[in-house]
$ cat input25.cif   # mmCIF, C-alpha atoms
data_data
#
loop_
_atom_site.label_atom_id
_atom_site.label_comp_id
_atom_site.auth_asym_id
_atom_site.auth_seq_id
_atom_site.Cartn_x
_atom_site.Cartn_y
_atom_site.Cartn_z
CA MET X 37 6.36 8.32 6.11
CA ALA X 38 8.41 9.04 9.18
CA VAL X 39 10.17 12.36 9.35
CA ALA X 40 13.71 12.07 10.58
CA ALA X 41 16.56 14.51 10.81
CA THR X 42 19.25 12.18 9.59
CA SER X 43 23.03 12.40 9.83
CA THR X 44 25.34 11.72 6.89
CA PRO X 45 26.31 8.20 8.05
CA VAL X 46 22.64 7.24 8.26
CA LEU X 47 22.00 8.57 4.75
CA ASN X 48 24.94 6.59 3.42
CA GLY X 49 23.55 3.53 5.15
CA LEU X 50 20.30 3.90 3.24
CA ARG X 51 22.23 3.02 0.09
CA SER X 52 23.47 -0.30 1.52
CA PRO X 53 22.13 -3.62 0.17
CA PHE X 54 20.57 -4.37 3.53
CA LEU X 55 18.30 -1.31 3.46
CA SER X 56 17.64 -1.11 -0.27
CA GLY X 57 17.47 -4.81 -1.10
CA GLY X 58 14.59 -7.27 -0.97
CA LYS X 59 11.21 -7.09 0.64
CA ARG X 60 12.49 -8.38 4.01
CA SER X 61 14.95 -5.51 4.19
CA GLN X 62 12.25 -3.03 3.20
CA SER X 63 10.01 -4.21 6.02
CA LEU X 64 12.89 -3.91 8.48
CA LEU X 65 13.56 -0.39 7.23
CA LEU X 66 9.90 0.52 7.66
CA SER X 67 9.71 -0.81 11.22
CA SER X 68 12.93 0.88 12.26
CA THR X 69 12.19 4.33 10.82
CA ILE X 70 8.61 4.89 11.94
CA GLY X 71 8.70 7.55 14.62
CA ALA X 72 12.49 7.61 14.70
CA ARG X 73 14.32 10.88 15.13
CA VAL X 74 18.09 11.13 14.88
CA ARG X 75 19.89 14.38 15.72
CA ALA X 76 21.75 15.81 12.74
CA VAL X 77 25.50 16.15 13.27
CA SER X 78 26.69 18.08 10.23
CA SER X 79 23.54 19.87 9.14
CA PRO X 80 20.23 20.87 10.72
CA ARG X 81 18.44 19.97 7.46
CA ARG X 82 15.51 17.59 7.89
CA PHE X 83 15.03 14.67 5.53
CA ILE X 84 11.97 12.59 4.74
CA VAL X 85 12.71 8.87 4.84
CA THR X 86 10.17 6.67 3.09
CA ALA X 87 10.07 2.91 2.77
CA ALA X 88 9.57 1.66 -0.78
CA ALA X 89 6.41 -0.31 -1.42
CA PRO X 90 7.02 -4.07 -1.58
CA LYS X 91 7.49 -5.34 -5.11
CA LYS X 92 4.60 -7.49 -6.29
CA SER X 93 5.21 -11.17 -7.00
CA TRP X 94 4.25 -12.98 -10.21
CA ILE X 95 3.06 -15.91 -8.07
CA PRO X 96 -0.05 -14.88 -6.08
CA ALA X 97 0.33 -14.84 -2.29
CA VAL X 98 4.08 -15.58 -2.52
CA LYS X 99 6.21 -12.65 -1.38
CA GLY X 100 9.72 -14.04 -1.74
CA GLY X 101 11.75 -17.13 -2.46
CA GLY X 102 15.10 -16.50 -4.10
CA ASN X 103 15.88 -15.58 -7.67
CA PHE X 104 13.16 -17.79 -9.11
CA ILE X 105 10.41 -15.64 -7.59
CA ASP X 106 12.25 -12.42 -6.74
CA PRO X 107 15.39 -12.16 -8.92
CA GLU X 108 17.88 -9.61 -7.69
CA TRP X 109 18.42 -8.15 -11.17
CA LEU X 110 14.77 -7.04 -11.33
CA ASP X 111 14.40 -4.12 -8.94
CA GLY X 112 10.85 -3.10 -9.82
CA SER X 113 11.90 -0.07 -11.85
CA LEU X 114 10.46 -1.42 -15.12
CA PRO X 115 6.71 -0.96 -15.68
CA GLY X 116 4.89 -4.20 -14.92
CA ASP X 117 7.89 -5.79 -13.19
CA TYR X 118 6.60 -8.63 -10.99
CA GLY X 119 9.87 -10.52 -10.76
CA PHE X 120 9.13 -12.94 -13.61
CA ASP X 121 12.39 -14.16 -15.12
CA PRO X 122 12.69 -17.89 -14.29
CA LEU X 123 15.30 -18.44 -17.04
CA GLY X 124 17.48 -15.54 -15.91
CA LEU X 125 17.39 -13.84 -19.31
CA GLY X 126 17.68 -10.37 -17.80
CA LYS X 127 20.81 -10.85 -15.69
CA ASP X 128 22.77 -8.73 -18.14
CA PRO X 129 21.41 -5.14 -18.03
CA ALA X 130 21.95 -4.70 -21.78
CA PHE X 131 19.99 -7.86 -22.58
CA LEU X 132 17.30 -6.87 -20.08
CA LYS X 133 16.82 -3.59 -21.95
CA TRP X 134 16.63 -5.41 -25.27
CA TYR X 135 14.18 -8.04 -24.02
CA ARG X 136 11.93 -5.34 -22.57
CA GLU X 137 11.82 -3.52 -25.91
CA ALA X 138 11.17 -6.83 -27.71
CA GLU X 139 8.32 -7.57 -25.31
CA LEU X 140 6.89 -4.12 -25.91
CA ILE X 141 7.07 -4.37 -29.71
CA HIS X 142 5.60 -7.89 -29.80
CA GLY X 143 2.87 -6.81 -27.41
CA ARG X 144 1.90 -3.85 -29.57
CA TRP X 145 1.69 -6.06 -32.66
CA ALA X 146 -0.37 -8.59 -30.70
CA MET X 147 -2.84 -5.92 -29.56
CA ALA X 148 -3.29 -4.73 -33.14
CA ALA X 149 -3.66 -8.33 -34.34
CA VAL X 150 -6.30 -9.27 -31.78
CA VAL X 151 -8.45 -6.30 -32.75
CA GLY X 152 -7.90 -6.99 -36.45
CA ILE X 153 -8.84 -10.66 -36.11
CA PHE X 154 -12.14 -9.91 -34.40
CA VAL X 155 -13.08 -6.96 -36.61
CA GLY X 156 -11.92 -8.67 -39.82
CA GLN X 157 -13.92 -11.82 -39.30
CA ALA X 158 -16.98 -9.94 -38.05
CA TRP X 159 -16.86 -7.76 -41.19
CA SER X 160 -16.07 -10.39 -43.84
CA GLY X 161 -16.95 -13.70 -42.23
CA ILE X 162 -13.58 -15.11 -43.33
CA PRO X 163 -11.36 -16.80 -40.69
CA TRP X 164 -8.26 -14.75 -39.98
CA PHE X 165 -5.88 -17.55 -40.99
CA GLU X 166 -7.54 -17.77 -44.44
CA ALA X 167 -8.18 -14.07 -45.08
CA GLY X 168 -4.98 -13.35 -47.02
CA ALA X 169 -5.48 -16.16 -49.53
CA ASP X 170 -9.26 -15.92 -49.93
CA PRO X 171 -10.26 -15.26 -53.57
CA GLY X 172 -12.77 -12.66 -52.43
CA ALA X 173 -10.21 -10.68 -50.45
CA ILE X 174 -9.43 -7.12 -51.47
CA ALA X 175 -5.82 -8.05 -52.17
CA PRO X 176 -5.35 -11.85 -52.18
CA PHE X 177 -1.77 -12.96 -51.63
CA SER X 178 -0.12 -16.32 -51.96
CA PHE X 179 2.03 -17.39 -49.02
CA GLY X 180 5.22 -16.78 -51.00
CA SER X 181 4.31 -13.24 -52.07
CA LEU X 182 3.11 -12.39 -48.57
CA LEU X 183 6.32 -13.71 -47.01
CA GLY X 184 8.51 -11.89 -49.52
CA THR X 185 6.70 -8.58 -49.04
CA GLN X 186 6.89 -8.91 -45.29
CA LEU X 187 10.60 -9.71 -45.34
CA ILE X 188 11.35 -6.63 -47.43
CA LEU X 189 9.12 -4.11 -45.66
CA MET X 190 9.43 -5.39 -42.12
CA GLY X 191 13.11 -6.15 -42.62
CA TRP X 192 13.73 -2.50 -43.49
CA VAL X 193 11.78 -1.22 -40.50
CA GLU X 194 13.27 -3.71 -38.03
CA SER X 195 16.82 -3.06 -39.24
CA LYS X 196 16.33 0.64 -38.54
CA ARG X 197 14.92 -0.13 -35.11
CA TRP X 198 17.93 -2.34 -34.40
CA VAL X 199 20.32 0.47 -35.33
CA ASP X 200 18.34 3.00 -33.30
CA PHE X 201 18.47 0.73 -30.23
CA PHE X 202 22.26 0.84 -30.15
CA ASN X 203 22.48 4.42 -31.36
CA PRO X 204 19.35 6.22 -30.08
CA GLU X 205 17.81 8.86 -32.35
CA SER X 206 20.27 8.05 -35.14
CA GLN X 207 17.33 7.17 -37.39
CA SER X 208 15.33 10.33 -36.78
CA VAL X 209 17.11 12.30 -39.48
CA GLU X 210 15.75 13.45 -42.81
CA TRP X 211 17.64 10.91 -44.91
CA ALA X 212 16.30 8.11 -42.74
CA THR X 213 12.70 9.31 -43.04
CA PRO X 214 12.49 10.61 -46.61
CA TRP X 215 8.70 11.06 -46.49
CA SER X 216 9.00 13.69 -43.76
CA ARG X 217 10.23 17.24 -44.19
CA THR X 218 11.32 17.44 -40.59
CA ALA X 219 13.16 14.91 -38.46
CA GLU X 220 11.46 16.30 -35.36
CA ASN X 221 8.35 14.25 -36.15
CA PHE X 222 10.33 11.06 -35.49
CA ALA X 223 12.54 12.27 -32.64
CA ASN X 224 12.19 10.86 -29.13
CA ALA X 225 10.29 13.48 -27.13
CA THR X 226 10.22 11.55 -23.83
CA GLY X 227 13.82 10.38 -23.62
CA ASP X 228 12.68 6.81 -22.88
CA GLN X 229 13.59 4.04 -25.29
CA GLY X 230 10.47 2.60 -26.91
CA TYR X 231 8.26 5.55 -25.94
CA PRO X 232 8.91 8.29 -28.52
CA GLY X 233 5.87 10.43 -27.71
CA GLY X 234 5.78 13.76 -29.50
CA LYS X 235 3.16 15.26 -31.78
CA PHE X 236 3.51 12.43 -34.29
CA PHE X 237 3.41 9.41 -31.93
CA ASP X 238 1.10 10.97 -29.32
CA PRO X 239 -1.31 13.07 -31.42
CA LEU X 240 -4.00 12.99 -28.70
CA SER X 241 -1.53 14.20 -26.06
CA LEU X 242 -2.35 11.31 -23.75
CA ALA X 243 1.10 11.39 -22.15
CA GLY X 244 2.00 15.04 -22.55
CA ASN X 245 0.90 18.52 -23.51
CA ILE X 246 1.55 20.90 -26.38
CA GLN X 247 2.95 24.21 -25.13
CA ASN X 248 3.81 26.88 -27.70
CA GLY X 249 3.92 24.21 -30.37
CA VAL X 250 6.36 22.07 -28.39
CA TYR X 251 5.44 18.66 -26.97
CA ILE X 252 6.11 18.47 -23.22
CA PRO X 253 5.84 14.93 -21.75
CA ASP X 254 3.91 14.41 -18.51
CA VAL X 255 5.99 11.96 -16.48
CA GLU X 256 3.15 10.88 -14.20
CA LYS X 257 0.76 10.17 -17.07
CA LEU X 258 3.48 8.44 -19.05
CA GLU X 259 4.36 6.05 -16.21
CA ARG X 260 0.71 5.19 -15.69
CA LEU X 261 0.22 4.51 -19.40
CA LYS X 262 3.40 2.41 -19.56
CA LEU X 263 2.00 0.07 -16.92
CA ALA X 264 -1.42 -0.12 -18.59
CA GLU X 265 0.16 -0.79 -21.99
CA ILE X 266 2.47 -3.60 -20.87
CA LYS X 267 -0.42 -5.32 -19.06
CA HIS X 268 -2.63 -5.16 -22.15
CA ALA X 269 0.32 -6.22 -24.34
CA ARG X 270 0.94 -9.36 -22.28
CA LEU X 271 -2.74 -10.24 -22.32
CA ALA X 272 -2.84 -9.79 -26.10
CA MET X 273 0.20 -12.04 -26.60
CA VAL X 274 -1.44 -14.79 -24.53
CA ALA X 275 -4.63 -14.30 -26.58
CA MET X 276 -2.68 -14.67 -29.84
CA LEU X 277 -1.11 -17.88 -28.56
CA ILE X 278 -4.60 -19.24 -27.91
CA PHE X 279 -5.73 -18.09 -31.38
CA TYR X 280 -2.85 -20.07 -32.95
CA PHE X 281 -3.88 -23.25 -31.13
CA GLU X 282 -7.49 -22.69 -32.20
CA ALA X 283 -6.42 -22.14 -35.81
CA GLY X 284 -4.57 -25.46 -35.74
CA GLN X 285 -7.93 -27.09 -35.04
CA GLY X 286 -9.70 -25.06 -37.72
CA LYS X 287 -11.48 -22.86 -35.16
CA THR X 288 -11.72 -19.10 -34.84
CA PRO X 289 -12.06 -16.82 -31.78
CA LEU X 290 -15.58 -15.82 -32.75
CA GLY X 291 -16.48 -19.44 -33.36
CA ALA X 292 -15.13 -20.41 -29.94
CA LEU X 293 -17.37 -17.75 -28.46
CA GLY X 294 -20.36 -19.09 -30.38
CA LEU X 295 -20.65 -15.98 -32.54
#

$ encode --input "input25.cif" --output "structure tokens"
Amino acid sequence: MAVAATSTPVLNGLRSPFLSGGKRSQSLLLSSTIGARVRAVSSPRRFIVTAAAPKKSWIPAVKGGGNFIDPEWLDGSLPGDYGFDPLGLGKDPAFLKWYREAELIHGRWAMAAVVGIFVGQAWSGIPWFEAGADPGAIAPFSFGSLLGTQLILMGWVESKRWVDFFNPESQSVEWATPWSRTAENFANATGDQGYPGGKFFDPLSLAGNIQNGVYIPDVEKLERLKLAEIKHARLAMVAMLIFYFEAGQGKTPLGALGL
């Protein structure tokens, strides 16, 4: 926000932990660069120096406080990163990547489940925790048959996702997706793990555009949708946790709402 012609030593200094670290350093950088002009030594090129926006805290009104509130391994680059990692699970970058994908997958299932629970009970009148075994259900399952089917089908899908996590795009080949005539339908069009995009996974082109039959991701739209999705995913997971406690008492979400 302040325009400064900056020499090479100053630019190298911008990469130091002091200038690129926590919120206190960011505020110092902001106060020291506003209106500052430094004569360039090696090049007359002018650079724009901007101070990064302070990272939001997961505890309201608390801006800092060590690794419990503002862990150093969370730099705000992940969508929805508010510094929440009290157990330090994300200290290892590889584990952090895995936990983020796990959070995303669980959140997507939770969002689908919340909608299904409300719609299913409103349509049939059967509580969601009894729907699978109800004699009047379209396809009644015993607990054993339901568990066995889920282990086989979900086990196959999850094993492929596990392999693809360590070897990206290794599962988007024709032998891995026998129902598709082209592996391009299951290829990662955005380059971001967990966000495949493309004509198959983004048919409405919410995060990209189709140009000459080729899906072109829109980075700005994609980042905005990532943040919206992870917020809704977390809310849905909390909602499912509440639904489980209600089910333990024989209650349903619609019943709790008096509907």

$ atom_distance --input "input25.cif" --atom1 "CA of Ser241 in chain X" --atom2 "CA of Val199 in chain X"
27.4 Å

$ atom_distance --input "input25.cif" --atom1 "CA of Ala292 in chain X" --atom2 "CA of Trp145 in chain X"
22.3 Å

$ atom_distance --input "input25.cif" --atom1 "CA of Val250 in chain X" --atom2 "CA of Gly227 in chain X"
14.7 Å

$ residues_around --input "input25.cif" --residues "Leu125 in chain X" --least-positions-apart "4" --cutoff "12 Å" --atoms "all atoms listed in the file" --output "ChimeraX atom specification"
/X:103-104,107,109-110,119-121,129-136

$ residues_around --input "input25.cif" --residues "range 152-155 of chain X" --least-positions-apart "2" --cutoff "12 Å" --atoms "all atoms listed in the file" --output "PyMOL selection string"
chain X and resi 145-150+157-168+272+275-276+279-280+283+288-293+295

$ resolve_selection --input "input25.cif" --expression "the PyMOL selection byres ((chain X and resi 114) around 10)" --output "mmCIF file with C-alpha atoms, in the frame of the given file"
data_model
loop_
_atom_site.group_PDB
_atom_site.id
_atom_site.type_symbol
_atom_site.label_atom_id
_atom_site.label_comp_id
_atom_site.auth_asym_id
_atom_site.auth_seq_id
_atom_site.Cartn_x
_atom_site.Cartn_y
_atom_site.Cartn_z
ATOM 1 C CA LEU X 110 14.770 -7.040 -11.330
ATOM 2 C CA ASP X 111 14.400 -4.120 -8.940
ATOM 3 C CA GLY X 112 10.850 -3.100 -9.820
ATOM 4 C CA SER X 113 11.900 -0.070 -11.850
ATOM 5 C CA PRO X 115 6.710 -0.960 -15.680
ATOM 6 C CA GLY X 116 4.890 -4.200 -14.920
ATOM 7 C CA ASP X 117 7.890 -5.790 -13.190
ATOM 8 C CA TYR X 118 6.600 -8.630 -10.990
ATOM 9 C CA LYS X 133 16.820 -3.590 -21.950
ATOM 10 C CA ARG X 136 11.930 -5.340 -22.570
ATOM 11 C CA GLU X 259 4.360 6.050 -16.210
ATOM 12 C CA LYS X 262 3.400 2.410 -19.560
ATOM 13 C CA LEU X 263 2.000 0.070 -16.920
#

$ residues_around --input "input25.cif" --residues "Ser206 in chain X" --least-positions-apart "4" --cutoff "10 Å" --atoms "all atoms listed in the file" --output "ChimeraX atom specification"
/X:196-197,199-202,212,223

$ build_atoms --input "input25.cif" --residues "range 229-240 of chain X" --atoms "all heavy atoms" --output "PDB file, keeping the file's coordinate frame"
ATOM      1  N   GLN X 229      13.532   4.935 -24.154  1.00  0.00           N
ATOM      2  CA  GLN X 229      13.590   4.040 -25.290  1.00  0.00           C
ATOM      3  C   GLN X 229      12.277   3.285 -25.447  1.00  0.00           C
ATOM      4  O   GLN X 229      11.762   2.712 -24.494  1.00  0.00           O
ATOM      5  CB  GLN X 229      14.734   3.040 -25.101  1.00  0.00           C
ATOM      6  CG  GLN X 229      15.053   2.211 -26.321  1.00  0.00           C
ATOM      7  CD  GLN X 229      15.851   2.979 -27.360  1.00  0.00           C
ATOM      8  OE1 GLN X 229      16.397   4.027 -27.056  1.00  0.00           O
ATOM      9  NE2 GLN X 229      15.909   2.463 -28.571  1.00  0.00           N
ATOM     10  N   GLY X 230      11.721   3.305 -26.649  1.00  0.00           N
ATOM     11  CA  GLY X 230      10.470   2.600 -26.910  1.00  0.00           C
ATOM     12  C   GLY X 230       9.226   3.446 -26.696  1.00  0.00           C
ATOM     13  O   GLY X 230       8.125   3.000 -26.996  1.00  0.00           O
ATOM     14  N   TYR X 231       9.398   4.662 -26.184  1.00  0.00           N
ATOM     15  CA  TYR X 231       8.260   5.550 -25.940  1.00  0.00           C
ATOM     16  C   TYR X 231       8.581   6.925 -26.540  1.00  0.00           C
ATOM     17  O   TYR X 231       8.915   7.864 -25.824  1.00  0.00           O
ATOM     18  CB  TYR X 231       7.996   5.689 -24.438  1.00  0.00           C
ATOM     19  CG  TYR X 231       7.712   4.384 -23.749  1.00  0.00           C
ATOM     20  CD1 TYR X 231       8.735   3.663 -23.138  1.00  0.00           C
ATOM     21  CD2 TYR X 231       6.431   3.852 -23.719  1.00  0.00           C
ATOM     22  CE1 TYR X 231       8.491   2.446 -22.511  1.00  0.00           C
ATOM     23  CE2 TYR X 231       6.174   2.638 -23.093  1.00  0.00           C
ATOM     24  CZ  TYR X 231       7.209   1.945 -22.488  1.00  0.00           C
ATOM     25  OH  TYR X 231       6.959   0.748 -21.868  1.00  0.00           O
ATOM     26  N   PRO X 232       8.490   7.043 -27.875  1.00  0.00           N
ATOM     27  CA  PRO X 232       8.910   8.290 -28.520  1.00  0.00           C
ATOM     28  C   PRO X 232       8.058   9.500 -28.178  1.00  0.00           C
ATOM     29  O   PRO X 232       8.560  10.613 -28.075  1.00  0.00           O
ATOM     30  CB  PRO X 232       8.830   7.946 -30.016  1.00  0.00           C
ATOM     31  CG  PRO X 232       7.847   6.822 -30.086  1.00  0.00           C
ATOM     32  CD  PRO X 232       8.027   6.039 -28.832  1.00  0.00           C
ATOM     33  N   GLY X 233       6.743   9.291 -28.012  1.00  0.00           N
ATOM     34  CA  GLY X 233       5.870  10.430 -27.710  1.00  0.00           C
ATOM     35  C   GLY X 233       5.912  11.455 -28.838  1.00  0.00           C
ATOM     36  O   GLY X 233       6.099  11.131 -30.013  1.00  0.00           O
ATOM     37  N   GLY X 234       5.737  12.706 -28.495  1.00  0.00           N
ATOM     38  CA  GLY X 234       5.780  13.760 -29.500  1.00  0.00           C
ATOM     39  C   GLY X 234       4.466  13.942 -30.222  1.00  0.00           C
ATOM     40  O   GLY X 234       3.526  13.157 -30.060  1.00  0.00           O
ATOM     41  N   LYS X 235       4.397  14.959 -31.062  1.00  0.00           N
ATOM     42  CA  LYS X 235       3.160  15.260 -31.780  1.00  0.00           C
ATOM     43  C   LYS X 235       2.793  14.180 -32.788  1.00  0.00           C
ATOM     44  O   LYS X 235       1.624  13.979 -33.091  1.00  0.00           O
ATOM     45  CB  LYS X 235       3.307  16.622 -32.486  1.00  0.00           C
ATOM     46  CG  LYS X 235       3.370  17.802 -31.527  1.00  0.00           C
ATOM     47  CD  LYS X 235       3.438  19.124 -32.259  1.00  0.00           C
ATOM     48  CE  LYS X 235       4.796  19.338 -32.889  1.00  0.00           C
ATOM     49  NZ  LYS X 235       4.930  20.685 -33.489  1.00  0.00           N
ATOM     50  N   PHE X 236       3.785  13.452 -33.287  1.00  0.00           N
ATOM     51  CA  PHE X 236       3.510  12.430 -34.290  1.00  0.00           C
ATOM     52  C   PHE X 236       3.055  11.124 -33.636  1.00  0.00           C
ATOM     53  O   PHE X 236       2.100  10.494 -34.081  1.00  0.00           O
ATOM     54  CB  PHE X 236       4.760  12.179 -35.138  1.00  0.00           C
ATOM     55  CG  PHE X 236       4.547  11.204 -36.255  1.00  0.00           C
ATOM     56  CD1 PHE X 236       3.997  11.612 -37.459  1.00  0.00           C
ATOM     57  CD2 PHE X 236       4.889   9.874 -36.105  1.00  0.00           C
ATOM     58  CE1 PHE X 236       3.790  10.716 -38.488  1.00  0.00           C
ATOM     59  CE2 PHE X 236       4.698   8.956 -37.131  1.00  0.00           C
ATOM     60  CZ  PHE X 236       4.148   9.383 -38.327  1.00  0.00           C
ATOM     61  N   PHE X 237       3.722  10.679 -32.565  1.00  0.00           N
ATOM     62  CA  PHE X 237       3.410   9.410 -31.930  1.00  0.00           C
ATOM     63  C   PHE X 237       2.411   9.542 -30.778  1.00  0.00           C
ATOM     64  O   PHE X 237       1.942   8.534 -30.251  1.00  0.00           O
ATOM     65  CB  PHE X 237       4.694   8.754 -31.411  1.00  0.00           C
ATOM     66  CG  PHE X 237       5.616   8.291 -32.508  1.00  0.00           C
ATOM     67  CD1 PHE X 237       6.734   9.037 -32.840  1.00  0.00           C
ATOM     68  CD2 PHE X 237       5.360   7.127 -33.212  1.00  0.00           C
ATOM     69  CE1 PHE X 237       7.586   8.621 -33.861  1.00  0.00           C
ATOM     70  CE2 PHE X 237       6.192   6.711 -34.230  1.00  0.00           C
ATOM     71  CZ  PHE X 237       7.313   7.458 -34.556  1.00  0.00           C
ATOM     72  N   ASP X 238       2.111  10.743 -30.359  1.00  0.00           N
ATOM     73  CA  ASP X 238       1.100  10.970 -29.320  1.00  0.00           C
ATOM     74  C   ASP X 238       0.207  12.129 -29.758  1.00  0.00           C
ATOM     75  O   ASP X 238       0.158  13.183 -29.117  1.00  0.00           O
ATOM     76  CB  ASP X 238       1.776  11.281 -27.981  1.00  0.00           C
ATOM     77  CG  ASP X 238       0.771  11.391 -26.834  1.00  0.00           C
ATOM     78  OD1 ASP X 238      -0.378  10.923 -27.004  1.00  0.00           O
ATOM     79  OD2 ASP X 238       1.135  11.944 -25.779  1.00  0.00           O
ATOM     80  N   PRO X 239      -0.519  11.955 -30.874  1.00  0.00           N
ATOM     81  CA  PRO X 239      -1.310  13.070 -31.420  1.00  0.00           C
ATOM     82  C   PRO X 239      -2.441  13.515 -30.508  1.00  0.00           C
ATOM     83  O   PRO X 239      -2.879  14.667 -30.595  1.00  0.00           O
ATOM     84  CB  PRO X 239      -1.861  12.485 -32.732  1.00  0.00           C
ATOM     85  CG  PRO X 239      -1.872  11.008 -32.522  1.00  0.00           C
ATOM     86  CD  PRO X 239      -0.677  10.721 -31.665  1.00  0.00           C
ATOM     87  N   LEU X 240      -2.919  12.627 -29.622  1.00  0.00           N
ATOM     88  CA  LEU X 240      -4.000  12.990 -28.700  1.00  0.00           C
ATOM     89  C   LEU X 240      -3.474  13.551 -27.390  1.00  0.00           C
ATOM     90  O   LEU X 240      -4.259  13.856 -26.493  1.00  0.00           O
ATOM     91  CB  LEU X 240      -4.884  11.767 -28.427  1.00  0.00           C
ATOM     92  CG  LEU X 240      -5.558  11.136 -29.653  1.00  0.00           C
ATOM     93  CD1 LEU X 240      -6.392   9.929 -29.231  1.00  0.00           C
ATOM     94  CD2 LEU X 240      -6.425  12.158 -30.381  1.00  0.00           C
TER      95      LEU X 240
END
